[in-house]
Structures are given as C-alpha cells and as structure tokens.
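**Q** This one is structure-v5.pdb, PDB, C-alpha atoms.
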```
ATOM      1  CA  MET A 278      82.586 148.813  80.687  1.00  0.00           C
ATOM      2  CA  LEU A 279      82.187 149.389  76.948  1.00  0.00           C
ATOM      3  CA  GLN A 280      84.837 146.788  76.141  1.00  0.00           C
ATOM      4  CA  ALA A 281      83.178 144.247  78.435  1.00  0.00           C
ATOM      5  CA  MET A 282      79.799 144.927  76.798  1.00  0.00           C
ATOM      6  CA  THR A 283      81.325 144.558  73.342  1.00  0.00           C
ATOM      7  CA  ASP A 284      82.887 141.195  74.173  1.00  0.00           C
ATOM      8  CA  ILE A 285      79.678 139.840  75.690  1.00  0.00           C
ATOM      9  CA  VAL A 286      77.512 141.070  72.808  1.00  0.00           C
ATOM     10  CA  ARG A 287      79.870 139.561  70.228  1.00  0.00           C
ATOM     11  CA  ALA A 288      79.656 136.196  71.973  1.00  0.00           C
ATOM     12  CA  ALA A 289      75.855 136.477  72.076  1.00  0.00           C
ATOM     13  CA  GLY A 290      75.850 137.200  68.354  1.00  0.00           C
ATOM     14  CA  SER A 291      77.513 133.868  67.660  1.00  0.00           C
ATOM     15  CA  ILE A 292      74.425 132.139  69.092  1.00  0.00           C
ATOM     16  CA  ILE A 293      72.290 133.910  66.480  1.00  0.00           C
ATOM     17  CA  ARG A 294      74.677 133.197  63.623  1.00  0.00           C
ATOM     18  CA  GLN A 295      74.862 129.484  64.464  1.00  0.00           C
ATOM     19  CA  ALA A 296      71.113 128.996  65.010  1.00  0.00           C
ATOM     20  CA  ASP A 297      69.594 125.931  63.393  1.00  0.00           C
ATOM     21  CA  ALA A 298      66.395 125.800  61.356  1.00  0.00           C
ATOM     22  CA  ASP A 299      64.175 124.818  64.310  1.00  0.00           C
ATOM     23  CA  LYS A 300      63.640 128.175  66.007  1.00  0.00           C
ATOM     24  CA  ALA A 301      60.513 127.125  67.956  1.00  0.00           C
ATOM     25  CA  VAL A 302      58.555 130.200  66.902  1.00  0.00           C
ATOM     26  CA  ARG A 303      55.557 131.314  68.923  1.00  0.00           C
ATOM     27  CA  ARG A 304      53.339 134.382  69.021  1.00  0.00           C
ATOM     28  CA  LYS A 305      53.257 136.784  71.948  1.00  0.00           C
ATOM     29  CA  SER A 306      50.716 139.618  71.757  1.00  0.00           C
ATOM     30  CA  SER A 307      49.685 139.256  68.091  1.00  0.00           C
ATOM     31  CA  LYS A 308      50.521 137.642  64.751  1.00  0.00           C
ATOM     32  CA  HIS A 309      53.147 140.376  64.288  1.00  0.00           C
ATOM     33  CA  ASP A 310      54.799 139.840  67.683  1.00  0.00           C
ATOM     34  CA  LEU A 311      56.967 136.728  67.392  1.00  0.00           C
ATOM     35  CA  VAL A 312      59.545 135.142  69.653  1.00  0.00           C
ATOM     36  CA  THR A 313      61.880 132.162  69.225  1.00  0.00           C
ATOM     37  CA  ARG A 314      63.798 129.969  71.606  1.00  0.00           C
ATOM     38  CA  TYR A 315      66.897 131.889  70.556  1.00  0.00           C
ATOM     39  CA  ASP A 316      65.490 135.213  71.784  1.00  0.00           C
ATOM     40  CA  THR A 317      65.283 133.806  75.305  1.00  0.00           C
ATOM     41  CA  GLU A 318      68.576 131.906  75.031  1.00  0.00           C
ATOM     42  CA  VAL A 319      70.481 135.001  73.910  1.00  0.00           C
ATOM     43  CA  GLN A 320      68.779 137.129  76.556  1.00  0.00           C
ATOM     44  CA  GLU A 321      69.771 134.792  79.369  1.00  0.00           C
ATOM     45  CA  PHE A 322      73.343 134.659  78.047  1.00  0.00           C
ATOM     46  CA  LEU A 323      73.424 138.460  78.102  1.00  0.00           C
ATOM     47  CA  ARG A 324      71.877 138.618  81.567  1.00  0.00           C
ATOM     48  CA  ARG A 325      74.569 136.376  83.028  1.00  0.00           C
ATOM     49  CA  GLY A 326      77.455 138.078  81.274  1.00  0.00           C
ATOM     50  CA  LEU A 327      76.414 141.682  81.792  1.00  0.00           C
ATOM     51  CA  LEU A 328      75.450 141.307  85.440  1.00  0.00           C
ATOM     52  CA  ASP A 329      78.734 139.531  86.126  1.00  0.00           C
ATOM     53  CA  ALA A 330      80.496 142.501  84.526  1.00  0.00           C
ATOM     54  CA  LEU A 331      78.508 145.066  86.547  1.00  0.00           C
ATOM     55  CA  PRO A 332      77.089 143.458  89.715  1.00  0.00           C
ATOM     56  CA  GLY A 333      74.037 145.204  91.100  1.00  0.00           C
ATOM     57  CA  ALA A 334      72.950 146.742  87.809  1.00  0.00           C
ATOM     58  CA  GLY A 335      69.364 146.442  86.642  1.00  0.00           C
ATOM     59  CA  PHE A 336      68.362 144.436  83.584  1.00  0.00           C
ATOM     60  CA  PHE A 337      65.472 145.729  81.435  1.00  0.00           C
ATOM     61  CA  ALA A 338      64.882 143.457  78.455  1.00  0.00           C
ATOM     62  CA  GLU A 339      62.361 142.533  75.778  1.00  0.00           C
ATOM     63  CA  GLU A 340      61.699 138.931  76.719  1.00  0.00           C
ATOM     64  CA  ASP A 341      61.066 139.539  80.429  1.00  0.00           C
ATOM     65  CA  ASP A 342      57.357 139.086  81.076  1.00  0.00           C
ATOM     66  CA  SER A 343      57.241 140.566  84.557  1.00  0.00           C
ATOM     67  CA  GLY A 344      56.061 144.003  83.411  1.00  0.00           C
ATOM     68  CA  ALA A 345      58.496 145.612  85.845  1.00  0.00           C
ATOM     69  CA  ALA A 346      59.526 149.211  85.277  1.00  0.00           C
ATOM     70  CA  LYS A 347      63.078 150.109  84.349  1.00  0.00           C
ATOM     71  CA  PRO A 348      65.230 150.409  87.502  1.00  0.00           C
ATOM     72  CA  ALA A 349      66.295 153.948  88.406  1.00  0.00           C
ATOM     73  CA  GLY A 350      69.996 153.181  88.907  1.00  0.00           C
ATOM     74  CA  PRO A 351      72.532 151.763  86.450  1.00  0.00           C
ATOM     75  CA  CYS A 352      70.615 149.451  84.139  1.00  0.00           C
ATOM     76  CA  PHE A 353      71.218 147.442  80.988  1.00  0.00           C
ATOM     77  CA  ILE A 354      68.510 147.902  78.342  1.00  0.00           C
ATOM     78  CA  VAL A 355      68.577 144.818  76.143  1.00  0.00           C
ATOM     79  CA  ASP A 356      67.083 143.527  72.915  1.00  0.00           C
ATOM     80  CA  PRO A 357      68.525 140.036  72.453  1.00  0.00           C
ATOM     81  CA  ILE A 358      67.444 139.802  68.793  1.00  0.00           C
ATOM     82  CA  ASP A 359      66.245 143.009  67.210  1.00  0.00           C
ATOM     83  CA  GLY A 360      64.628 141.961  63.941  1.00  0.00           C
ATOM     84  CA  THR A 361      63.143 138.665  65.121  1.00  0.00           C
ATOM     85  CA  THR A 362      60.958 138.281  62.032  1.00  0.00           C
ATOM     86  CA  ASN A 363      64.037 138.780  59.843  1.00  0.00           C
ATOM     87  CA  PHE A 364      65.794 136.124  61.926  1.00  0.00           C
ATOM     88  CA  ILE A 365      62.916 133.670  61.471  1.00  0.00           C
ATOM     89  CA  LYS A 366      62.779 134.287  57.712  1.00  0.00           C
ATOM     90  CA  GLY A 367      66.537 134.023  57.204  1.00  0.00           C
ATOM     91  CA  LEU A 368      66.904 137.610  55.984  1.00  0.00           C
ATOM     92  CA  ARG A 369      70.180 138.109  57.895  1.00  0.00           C
ATOM     93  CA  ARG A 370      69.200 141.598  59.060  1.00  0.00           C
ATOM     94  CA  SER A 371      69.070 141.136  62.840  1.00  0.00           C
ATOM     95  CA  CYS A 372      71.258 142.258  65.714  1.00  0.00           C
ATOM     96  CA  VAL A 373      71.974 142.236  69.428  1.00  0.00           C
ATOM     97  CA  SER A 374      71.362 145.652  71.020  1.00  0.00           C
ATOM     98  CA  VAL A 375      72.563 146.575  74.532  1.00  0.00           C
ATOM     99  CA  ALA A 376      72.635 149.972  76.228  1.00  0.00           C
ATOM    100  CA  LEU A 377      73.820 150.926  79.691  1.00  0.00           C
ATOM    101  CA  ALA A 378      71.625 153.607  81.235  1.00  0.00           C
ATOM    102  CA  GLU A 379      72.170 155.744  84.302  1.00  0.00           C
ATOM    103  CA  GLY A 380      68.728 157.090  85.058  1.00  0.00           C
ATOM    104  CA  ALA A 381      67.421 158.763  81.892  1.00  0.00           C
ATOM    105  CA  ARG A 382      70.921 158.998  80.371  1.00  0.00           C
ATOM    106  CA  ILE A 383      72.451 156.372  78.085  1.00  0.00           C
ATOM    107  CA  VAL A 384      76.180 156.129  78.752  1.00  0.00           C
ATOM    108  CA  CYS A 385      77.182 153.169  76.532  1.00  0.00           C
ATOM    109  CA  GLY A 386      75.624 151.508  73.514  1.00  0.00           C
ATOM    110  CA  VAL A 387      76.566 148.389  71.547  1.00  0.00           C
ATOM    111  CA  ILE A 388      74.789 146.982  68.482  1.00  0.00           C
ATOM    112  CA  TYR A 389      76.138 143.932  66.666  1.00  0.00           C
ATOM    113  CA  ASN A 390      75.009 142.364  63.400  1.00  0.00           C
ATOM    114  CA  PRO A 391      76.534 138.867  63.533  1.00  0.00           C
ATOM    115  CA  TYR A 392      75.817 138.204  59.856  1.00  0.00           C
ATOM    116  CA  THR A 393      77.975 141.099  58.633  1.00  0.00           C
ATOM    117  CA  ASP A 394      80.296 141.180  61.667  1.00  0.00           C
ATOM    118  CA  GLU A 395      79.535 144.890  62.100  1.00  0.00           C
ATOM    119  CA  MET A 396      79.954 146.126  65.677  1.00  0.00           C
ATOM    120  CA  PHE A 397      78.600 149.618  66.338  1.00  0.00           C
ATOM    121  CA  THR A 398      79.655 151.183  69.642  1.00  0.00           C
ATOM    122  CA  ALA A 399      79.372 154.499  71.438  1.00  0.00           C
ATOM    123  CA  GLU A 400      80.224 155.941  74.812  1.00  0.00           C
ATOM    124  CA  ALA A 401      78.719 159.253  75.911  1.00  0.00           C
ATOM    125  CA  GLY A 402      81.012 162.108  74.941  1.00  0.00           C
ATOM    126  CA  LYS A 403      83.504 159.872  73.120  1.00  0.00           C
ATOM    127  CA  GLY A 404      82.074 159.439  69.627  1.00  0.00           C
ATOM    128  CA  ALA A 405      80.577 156.535  67.696  1.00  0.00           C
ATOM    129  CA  TYR A 406      82.440 153.719  65.971  1.00  0.00           C
ATOM    130  CA  LEU A 407      81.965 150.857  63.524  1.00  0.00           C
ATOM    131  CA  ASN A 408      84.493 148.069  64.095  1.00  0.00           C
ATOM    132  CA  GLY A 409      86.765 150.578  65.806  1.00  0.00           C
ATOM    133  CA  GLU A 410      86.622 153.261  63.101  1.00  0.00           C
ATOM    134  CA  ALA A 411      84.909 156.590  63.817  1.00  0.00           C
ATOM    135  CA  ILE A 412      81.567 157.127  62.070  1.00  0.00           C
ATOM    136  CA  HIS A 413      79.560 160.274  61.359  1.00  0.00           C
ATOM    137  CA  VAL A 414      76.148 161.143  60.010  1.00  0.00           C
ATOM    138  CA  SER A 415      75.982 162.458  56.465  1.00  0.00           C
ATOM    139  CA  ARG A 416      75.502 166.096  55.499  1.00  0.00           C
ATOM    140  CA  CYS A 417      72.849 165.366  52.857  1.00  0.00           C
ATOM    141  CA  CYS A 418      69.660 167.422  52.884  1.00  0.00           C
ATOM    142  CA  MET A 419      66.209 165.889  52.506  1.00  0.00           C
ATOM    143  CA  ASP A 420      66.142 165.969  48.702  1.00  0.00           C
ATOM    144  CA  GLU A 421      69.299 163.801  48.762  1.00  0.00           C
ATOM    145  CA  ALA A 422      68.144 161.575  51.607  1.00  0.00           C
ATOM    146  CA  VAL A 423      67.302 157.941  52.079  1.00  0.00           C
ATOM    147  CA  VAL A 424      64.760 157.671  54.917  1.00  0.00           C
ATOM    148  CA  TYR A 425      64.026 154.574  56.968  1.00  0.00           C
ATOM    149  CA  THR A 426      60.601 153.956  58.445  1.00  0.00           C
ATOM    150  CA  GLY A 427      59.177 151.308  60.699  1.00  0.00           C
ATOM    151  CA  ALA A 428      55.598 150.192  60.067  1.00  0.00           C
ATOM    152  CA  SER A 429      54.575 149.948  63.758  1.00  0.00           C
ATOM    153  CA  PRO A 430      53.086 146.486  63.127  1.00  0.00           C
ATOM    154  CA  TYR A 431      51.980 145.990  66.746  1.00  0.00           C
ATOM    155  CA  TYR A 432      49.856 149.162  66.757  1.00  0.00           C
ATOM    156  CA  PRO A 433      47.104 149.283  64.084  1.00  0.00           C
ATOM    157  CA  ALA A 434      45.973 152.687  65.368  1.00  0.00           C
ATOM    158  CA  CYS A 435      49.244 154.134  64.053  1.00  0.00           C
ATOM    159  CA  TYR A 436      49.118 152.663  60.543  1.00  0.00           C
ATOM    160  CA  ASP A 437      47.400 155.574  58.808  1.00  0.00           C
ATOM    161  CA  GLU A 438      49.602 158.227  60.408  1.00  0.00           C
ATOM    162  CA  THR A 439      52.763 156.231  59.713  1.00  0.00           C
ATOM    163  CA  PHE A 440      52.030 155.797  56.028  1.00  0.00           C
ATOM    164  CA  ARG A 441      50.801 159.386  55.695  1.00  0.00           C
ATOM    165  CA  LEU A 442      54.190 160.562  56.952  1.00  0.00           C
ATOM    166  CA  ALA A 443      55.992 158.069  54.692  1.00  0.00           C
ATOM    167  CA  ARG A 444      54.011 159.349  51.704  1.00  0.00           C
ATOM    168  CA  SER A 445      54.848 162.925  52.559  1.00  0.00           C
ATOM    169  CA  LEU A 446      58.533 162.086  52.868  1.00  0.00           C
ATOM    170  CA  MET A 447      58.472 160.135  49.610  1.00  0.00           C
ATOM    171  CA  GLY A 448      57.689 163.361  47.801  1.00  0.00           C
ATOM    172  CA  ARG A 449      60.727 165.044  49.322  1.00  0.00           C
ATOM    173  CA  CYS A 450      63.508 162.457  49.649  1.00  0.00           C
ATOM    174  CA  VAL A 451      65.323 160.099  47.277  1.00  0.00           C
ATOM    175  CA  ASP A 452      63.628 156.943  48.599  1.00  0.00           C
ATOM    176  CA  ILE A 453      62.028 155.218  51.587  1.00  0.00           C
ATOM    177  CA  ARG A 454      63.371 152.015  53.141  1.00  0.00           C
ATOM    178  CA  ARG A 455      62.159 149.514  55.759  1.00  0.00           C
ATOM    179  CA  SER A 456      64.557 146.780  56.873  1.00  0.00           C
ATOM    180  CA  GLY A 457      62.822 145.309  59.929  1.00  0.00           C
ATOM    181  CA  SER A 458      65.435 146.238  62.557  1.00  0.00           C
ATOM    182  CA  ALA A 459      65.078 149.596  64.294  1.00  0.00           C
ATOM    183  CA  ALA A 460      68.504 149.280  65.906  1.00  0.00           C
ATOM    184  CA  LEU A 461      70.284 148.674  62.591  1.00  0.00           C
ATOM    185  CA  GLU A 462      68.343 151.449  60.882  1.00  0.00           C
ATOM    186  CA  LEU A 463      69.580 153.863  63.549  1.00  0.00           C
ATOM    187  CA  CYS A 464      73.116 152.604  62.938  1.00  0.00           C
ATOM    188  CA  ASP A 465      72.696 153.250  59.217  1.00  0.00           C
ATOM    189  CA  VAL A 466      71.770 156.859  59.987  1.00  0.00           C
ATOM    190  CA  ALA A 467      74.792 157.113  62.283  1.00  0.00           C
ATOM    191  CA  CYS A 468      77.258 156.006  59.626  1.00  0.00           C
ATOM    192  CA  GLY A 469      75.721 157.977  56.751  1.00  0.00           C
ATOM    193  CA  ARG A 470      74.098 155.127  54.833  1.00  0.00           C
ATOM    194  CA  ALA A 471      70.752 156.843  55.393  1.00  0.00           C
ATOM    195  CA  GLU A 472      69.803 160.336  56.547  1.00  0.00           C
ATOM    196  CA  ALA A 473      66.693 159.842  58.689  1.00  0.00           C
ATOM    197  CA  TYR A 474      64.538 157.295  60.481  1.00  0.00           C
ATOM    198  CA  PHE A 475      61.151 157.375  62.177  1.00  0.00           C
ATOM    199  CA  GLU A 476      58.778 154.903  63.800  1.00  0.00           C
ATOM    200  CA  ALA A 477      55.778 155.134  66.108  1.00  0.00           C
ATOM    201  CA  LEU A 478      55.772 153.505  69.542  1.00  0.00           C
ATOM    202  CA  LEU A 479      59.061 151.717  69.869  1.00  0.00           C
ATOM    203  CA  SER A 480      60.049 150.024  73.131  1.00  0.00           C
ATOM    204  CA  PRO A 481      63.185 151.287  74.939  1.00  0.00           C
ATOM    205  CA  TRP A 482      65.245 148.216  73.999  1.00  0.00           C
ATOM    206  CA  ASP A 483      64.584 149.013  70.318  1.00  0.00           C
ATOM    207  CA  TYR A 484      66.092 152.493  70.473  1.00  0.00           C
ATOM    208  CA  ALA A 485      68.268 152.932  73.585  1.00  0.00           C
ATOM    209  CA  ALA A 486      71.660 151.880  72.200  1.00  0.00           C
ATOM    210  CA  GLY A 487      70.962 153.197  68.700  1.00  0.00           C
ATOM    211  CA  SER A 488      69.941 156.625  69.937  1.00  0.00           C
ATOM    212  CA  LEU A 489      73.310 157.097  71.646  1.00  0.00           C
ATOM    213  CA  ILE A 490      75.179 155.874  68.556  1.00  0.00           C
ATOM    214  CA  VAL A 491      73.330 158.402  66.364  1.00  0.00           C
ATOM    215  CA  ARG A 492      73.957 161.273  68.783  1.00  0.00           C
ATOM    216  CA  GLU A 493      77.628 160.428  69.181  1.00  0.00           C
ATOM    217  CA  ALA A 494      77.914 160.297  65.375  1.00  0.00           C
ATOM    218  CA  GLY A 495      76.652 163.893  65.207  1.00  0.00           C
ATOM    219  CA  GLY A 496      72.942 163.317  64.634  1.00  0.00           C
ATOM    220  CA  LEU A 497      69.805 164.163  66.582  1.00  0.00           C
ATOM    221  CA  VAL A 498      67.254 161.811  68.168  1.00  0.00           C
ATOM    222  CA  THR A 499      64.033 162.754  69.985  1.00  0.00           C
ATOM    223  CA  ASP A 500      60.450 161.627  70.105  1.00  0.00           C
ATOM    224  CA  MET A 501      58.328 162.812  67.180  1.00  0.00           C
ATOM    225  CA  ALA A 502      57.223 165.857  69.164  1.00  0.00           C
ATOM    226  CA  GLY A 503      60.872 166.885  69.546  1.00  0.00           C
ATOM    227  CA  LYS A 504      61.021 165.973  73.242  1.00  0.00           C
ATOM    228  CA  PRO A 505      63.915 164.104  74.897  1.00  0.00           C
ATOM    229  CA  LEU A 506      63.678 160.328  75.130  1.00  0.00           C
ATOM    230  CA  GLN A 507      63.162 158.862  78.616  1.00  0.00           C
ATOM    231  CA  PHE A 508      64.085 155.166  78.002  1.00  0.00           C
ATOM    232  CA  ALA A 509      61.514 153.848  80.463  1.00  0.00           C
ATOM    233  CA  GLU A 510      58.508 153.590  78.176  1.00  0.00           C
ATOM    234  CA  LYS A 511      57.410 153.309  74.558  1.00  0.00           C
ATOM    235  CA  SER A 512      58.210 156.323  72.418  1.00  0.00           C
ATOM    236  CA  SER A 513      57.705 157.453  68.841  1.00  0.00           C
ATOM    237  CA  LEU A 514      61.159 158.089  67.447  1.00  0.00           C
ATOM    238  CA  ALA A 515      62.646 160.653  65.057  1.00  0.00           C
ATOM    239  CA  ALA A 516      66.351 160.422  64.186  1.00  0.00           C
ATOM    240  CA  ALA A 517      68.255 162.276  61.484  1.00  0.00           C
ATOM    241  CA  ASN A 518      71.349 164.183  60.533  1.00  0.00           C
ATOM    242  CA  LEU A 519      71.398 167.927  61.188  1.00  0.00           C
ATOM    243  CA  ALA A 520      70.313 168.814  57.657  1.00  0.00           C
ATOM    244  CA  CYS A 521      67.133 166.690  57.748  1.00  0.00           C
ATOM    245  CA  PHE A 522      66.019 166.678  61.369  1.00  0.00           C
ATOM    246  CA  ASP A 523      63.849 169.817  61.469  1.00  0.00           C
ATOM    247  CA  GLU A 524      62.014 168.853  58.284  1.00  0.00           C
ATOM    248  CA  LEU A 525      61.396 165.344  59.610  1.00  0.00           C
ATOM    249  CA  LEU A 526      59.815 166.768  62.784  1.00  0.00           C
ATOM    250  CA  ARG A 527      57.735 169.276  60.817  1.00  0.00           C
ATOM    251  CA  LEU A 528      56.342 166.574  58.554  1.00  0.00           C
ATOM    252  CA  ALA A 529      55.668 164.331  61.560  1.00  0.00           C
ATOM    253  CA  ARG A 530      53.596 167.078  63.163  1.00  0.00           C
ATOM    254  CA  GLU A 531      51.639 167.574  59.939  1.00  0.00           C
ATOM    255  CA  ALA A 532      50.964 163.844  59.712  1.00  0.00           C
ATOM    256  CA  GLU A 533      49.788 163.776  63.351  1.00  0.00           C
ATOM    257  CA  THR A 534      51.844 160.660  64.070  1.00  0.00           C
ATOM    258  CA  CYS A 535      51.217 158.521  67.155  1.00  0.00           C
TER     259      CYS A 535
END
```
Represent the structure of the file as structure tokens.

**A**
Amino acid sequence: MLQAMTDIVRAAGSIIRQADADKAVRRKSSKHDLVTRYDTEVQEFLRRGLLDALPGAGFFAEEDDSGAAKPAGPCFIVDPIDGTTNFIKGLRRSCVSVALAEGARIVCGVIYNPYTDEMFTAEAGKGAYLNGEAIHVSRCCMDEAVVYTGASPYYPACYDETFRLARSLMGRCVDIRRSGSAALELCDVACGRAEAYFEALLSPWDYAAGSLIVREAGGLVTDMAGKPLQFAEKSSLAAANLACFDELLRLAREAETC
C-alpha cells in the first residue's frame, strides 16, 4: 500500500509543480483561509487514485465541505496542498500529505514536496525515509535546537499563547522558524533539520502523515498536554526529538497554549 500511495502522491505533486499563474484564489472561513482551483483538482486526483488502490476505504480531506466525521475503518487522511498560501505566493514550500489510518492508528504516511522532489515516507514499525534513505531525529538538546512554530492564523484566541510560548522558547533554543507548512516542518524534525515543532489547533490532515514520520524517525508527537493524537479532530501539536520533547511540553503548559 505504501508504494501505491507514493506513486499516486508523486503524480499529484506534478499538478502542483506545473500550476500556472491563474490559481483562482478564494477565501473560505477568513482572510487567512485560502483555497485555489489546484487544491480541489489535486484532491480529486488523490481521491480517484487512492480509492482505486484501496476500494472501500474512507476519504477524509481538507477540501471536503460536508463536515462528515472521519470514518472508523481504514481511511485516507489527505491534505492536497499543505502550505496553500506558500503555493499562491510562489514560495515553493508546499506539499501533498497523505496518511492511511486504521481507527486511531496511522499505518502509512507520505509527504511530497514537488519543488525539491523530496518524498518522505513511513510505515508503522518500519522506520522513516527520505527518497528511500533512512532518516532519524537529531540528538541535539534545546540549547542547540532550531524550533518550528505555526502561528495558528485561523484562531485569533490562540495568538497570545502561541507567541508567549515562542518567546519562551526563543530564550532557550538557537532560533525559531515558521515556514508555512506543518507537514514539511514535521518532516524537518524527522530528518534532523530541526529539533522541535508546535502549533495550536491543527486539523488531522495537517499532522496525520507527519506525526507517523516523526515517530518512525525516533521522535515523539502528542498534543500539547502530552496526550495521544486521535486524528479525528483538531489538535494542538507538540513534536520533538527525545532530548527536547519534555522541555517543549513543560514550556507549553507554562504558556497555557490552546
């Protein structure tokens, strides 16, 4: 199944890479929440390909407007373009993210950045890989760490807590980064380019595949209270290598994050 997912996701990535300037941008819930015609085109391509590969599976994706809950059985959790604003602005920091869930367990994850041709993959119990080579989280402690944060742009109630935590971390780590793609930031933690990542109130398609890739690379991922992720609802996310994880959770509790 992982190979089939990888092939389908790579083909979907070519749609993003070849997109023309007219992206037909529109707003969804707010000025921060944007969608393009390519988000829906890529999603429908993935729907057809993935459900052909695994007939009867559920499909839980960002651009579905039905409001339906995630199916209980085998289910693909899909973000057709993670980093839509980056895609619109031509920042070349966007990806396709697909996870296969069985209940509350993620069994396969694939994240592909078509601009760099980086394919991150993981299968439960079998490790994490970048373009077929095994990857691992770093061993750096917090005073050697680069930490990614999301700004939770859709949720103004979380702004103060988010930046309070970022400020606290800034006094302890090497530097803070924000790239605009939660999935790729998780991949950067998985392959040791960064040591930690946090963001308030992510949707399951933002973190499902990336959370498995981090865990299979030797890291830890929970909500910001340290509880297991459920993949059926929004969650505040904390991900880090073993050396930084406990401190990240402690600082999140002190900042009273969403």

**Q** Tyr425 in chain A: which residues within 9 Å, counting all atoms listed in the file, same-chain residues fewer than 2 positions away excluded, as a list in words?

**A**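 The residues that qualify are Val423, Gly427, Asp452, Ile453, Arg454, Arg455, Ser456, Ala459, Glu462, Leu463, Val466, Ala471, Glu472, Ala473, Tyr474, Phe475 and Glu476 of chain A.
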
**Q** Do you know which residues are at most 6 Å from range 373-382 of chain A counting all atoms listed in the file, after dropping those on the same chain fewer than 6 positions away, and could you put them as number ranges by chain?

**A** A: 349-358, 388-389, 485-486, 507

**Q** So which one's closest to Glu395 in chain A, A:Arg416, A:Arg287, A:Lys300, A:Arg441? Using all atoms listed in the file, please.

**A** A:Arg287

**Q** Tell me which of A:Gly496, A:Gly404, A:Gly290, A:Pro481 sits closest to Tyr392 in chain A, counting all atoms listed in the file.

**A**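 Going through A:Gly496, A:Gly404, A:Gly290, A:Pro481 one by one, the smallest distance to Tyr392 in chain A is for A:Gly290.
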
**Q** In terms of the shortest atom-to-atom distance over all atoms listed in the file, which of A:Ala516, A:Leu311, A:Leu446, A:Leu328 is closest to Ala494 in chain A?

**A**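 Answer, going by the shortest atom-to-atom distance: A:Ala516.
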
**Q** Need to verify the contact set: Met501 in chain A, 6 Å, only C-alpha atoms, exclusion of same-chain residues closer than 5 positions in sequence. Can you return it as a PyMOL selection string?

**A** chain A and resi 513-515

**Q** Tell me, as an NGL selection string, which residues lie within 9 Å of Arg449 in chain A, counting only C-alpha atoms; anything in the same chain fewer than 6 positions away does not count.

**A** :A and (419-422)

**Q** Check which residues satisfy the PyMOL selection byres ((chain A and resi 323) around 10) in the file shown, then give them as a list in words.

**A**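 What the PyMOL selection byres ((chain A and resi 323) around 10) grabs from the file is Met282, Ile285, Val286, Ala288, Ala289, Thr317, Glu318, Val319, Gln320, Glu321, Phe322, Arg324, Arg325, Gly326, Leu327, Leu328, Asp329, Phe336, Ala338, Phe353, Val355, Asp356, Pro357, Val373 and Val375 of chain A.
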
**Q** A:Thr398, A:Thr426, A:Ser480, A:Ser458: which is nearest Thr361 in chain A, counting only C-alpha atoms?

**A**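 Smallest distance to Thr361 in chain A is found for A:Ser458.
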
**Q** Select, from A:Arg314, A:Lys403, A:Lys347, A:Arg294, the residue with the minimum atom-to-atom distance to Glu510 in chain A, counting all atoms listed in the file.

**A**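 Going through A:Arg314, A:Lys403, A:Lys347, A:Arg294 one by one, the smallest distance to Glu510 in chain A is for A:Lys347.
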
**Q** Here is a test: counting only C-alpha atoms, which residue of A:Gly487, A:Cys385, A:Phe364, A:Gly333 is nearest to Ala281 in chain A?

**A**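 Among A:Gly487, A:Cys385, A:Phe364, A:Gly333, it is A:Cys385 that comes nearest to Ala281 in chain A.
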
**Q** Rounded to one decimal in Å, what is the spacing between CA of Pro348 in chain A and CA of Pro430 in chain A?

**A** 27.5 Å

**Q** Give as an MDAnalysis selection string each residue that has an atom at most 6 Å from (60.6, 144.0, 62.4) in the file, counting only C-alpha atoms.

**A** chainID A and resid 360 362 457:458

**Q** Assuming the chain letters and numbering stay as they are in my file, what does the PyMOL selection byres ((chain A and resi 493) around 8) actually select? List them as a PyMOL selection string.

**A** chain A and resi 399-405+489-492+494-496

**Q** Kindly save the residues from that selection, with C-alpha atoms included, as an mmCIF file, keeping the file's coordinate frame.

**A**
```cif
data_model
loop_
_atom_site.group_PDB
_atom_site.id
_atom_site.type_symbol
_atom_site.label_atom_id
_atom_site.label_comp_id
_atom_site.auth_asym_id
_atom_site.auth_seq_id
_atom_site.Cartn_x
_atom_site.Cartn_y
_atom_site.Cartn_z
ATOM 1 C CA ALA A 399 79.372 154.499 71.438
ATOM 2 C CA GLU A 400 80.224 155.941 74.812
ATOM 3 C CA ALA A 401 78.719 159.253 75.911
ATOM 4 C CA GLY A 402 81.012 162.108 74.941
ATOM 5 C CA LYS A 403 83.504 159.872 73.120
ATOM 6 C CA GLY A 404 82.074 159.439 69.627
ATOM 7 C CA ALA A 405 80.577 156.535 67.696
ATOM 8 C CA LEU A 489 73.310 157.097 71.646
ATOM 9 C CA ILE A 490 75.179 155.874 68.556
ATOM 10 C CA VAL A 491 73.330 158.402 66.364
ATOM 11 C CA ARG A 492 73.957 161.273 68.783
ATOM 12 C CA ALA A 494 77.914 160.297 65.375
ATOM 13 C CA GLY A 495 76.652 163.893 65.207
ATOM 14 C CA GLY A 496 72.942 163.317 64.634
#
```

**Q** Just the number, please: distance in Å from CA of Arg303 in chain A to CA of Gly367 in chain A, one decimal.

**A**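 Separating CA of Arg303 in chain A from CA of Gly367 in chain A is a distance of 16.3 Å.
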
**Q** Interatomic distance between CA of Arg470 in chain A and CA of Asp284 in chain A?

**A**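 Computing the Euclidean distance for CA of Arg470 in chain A and CA of Asp284 in chain A yields 25.4 Å.
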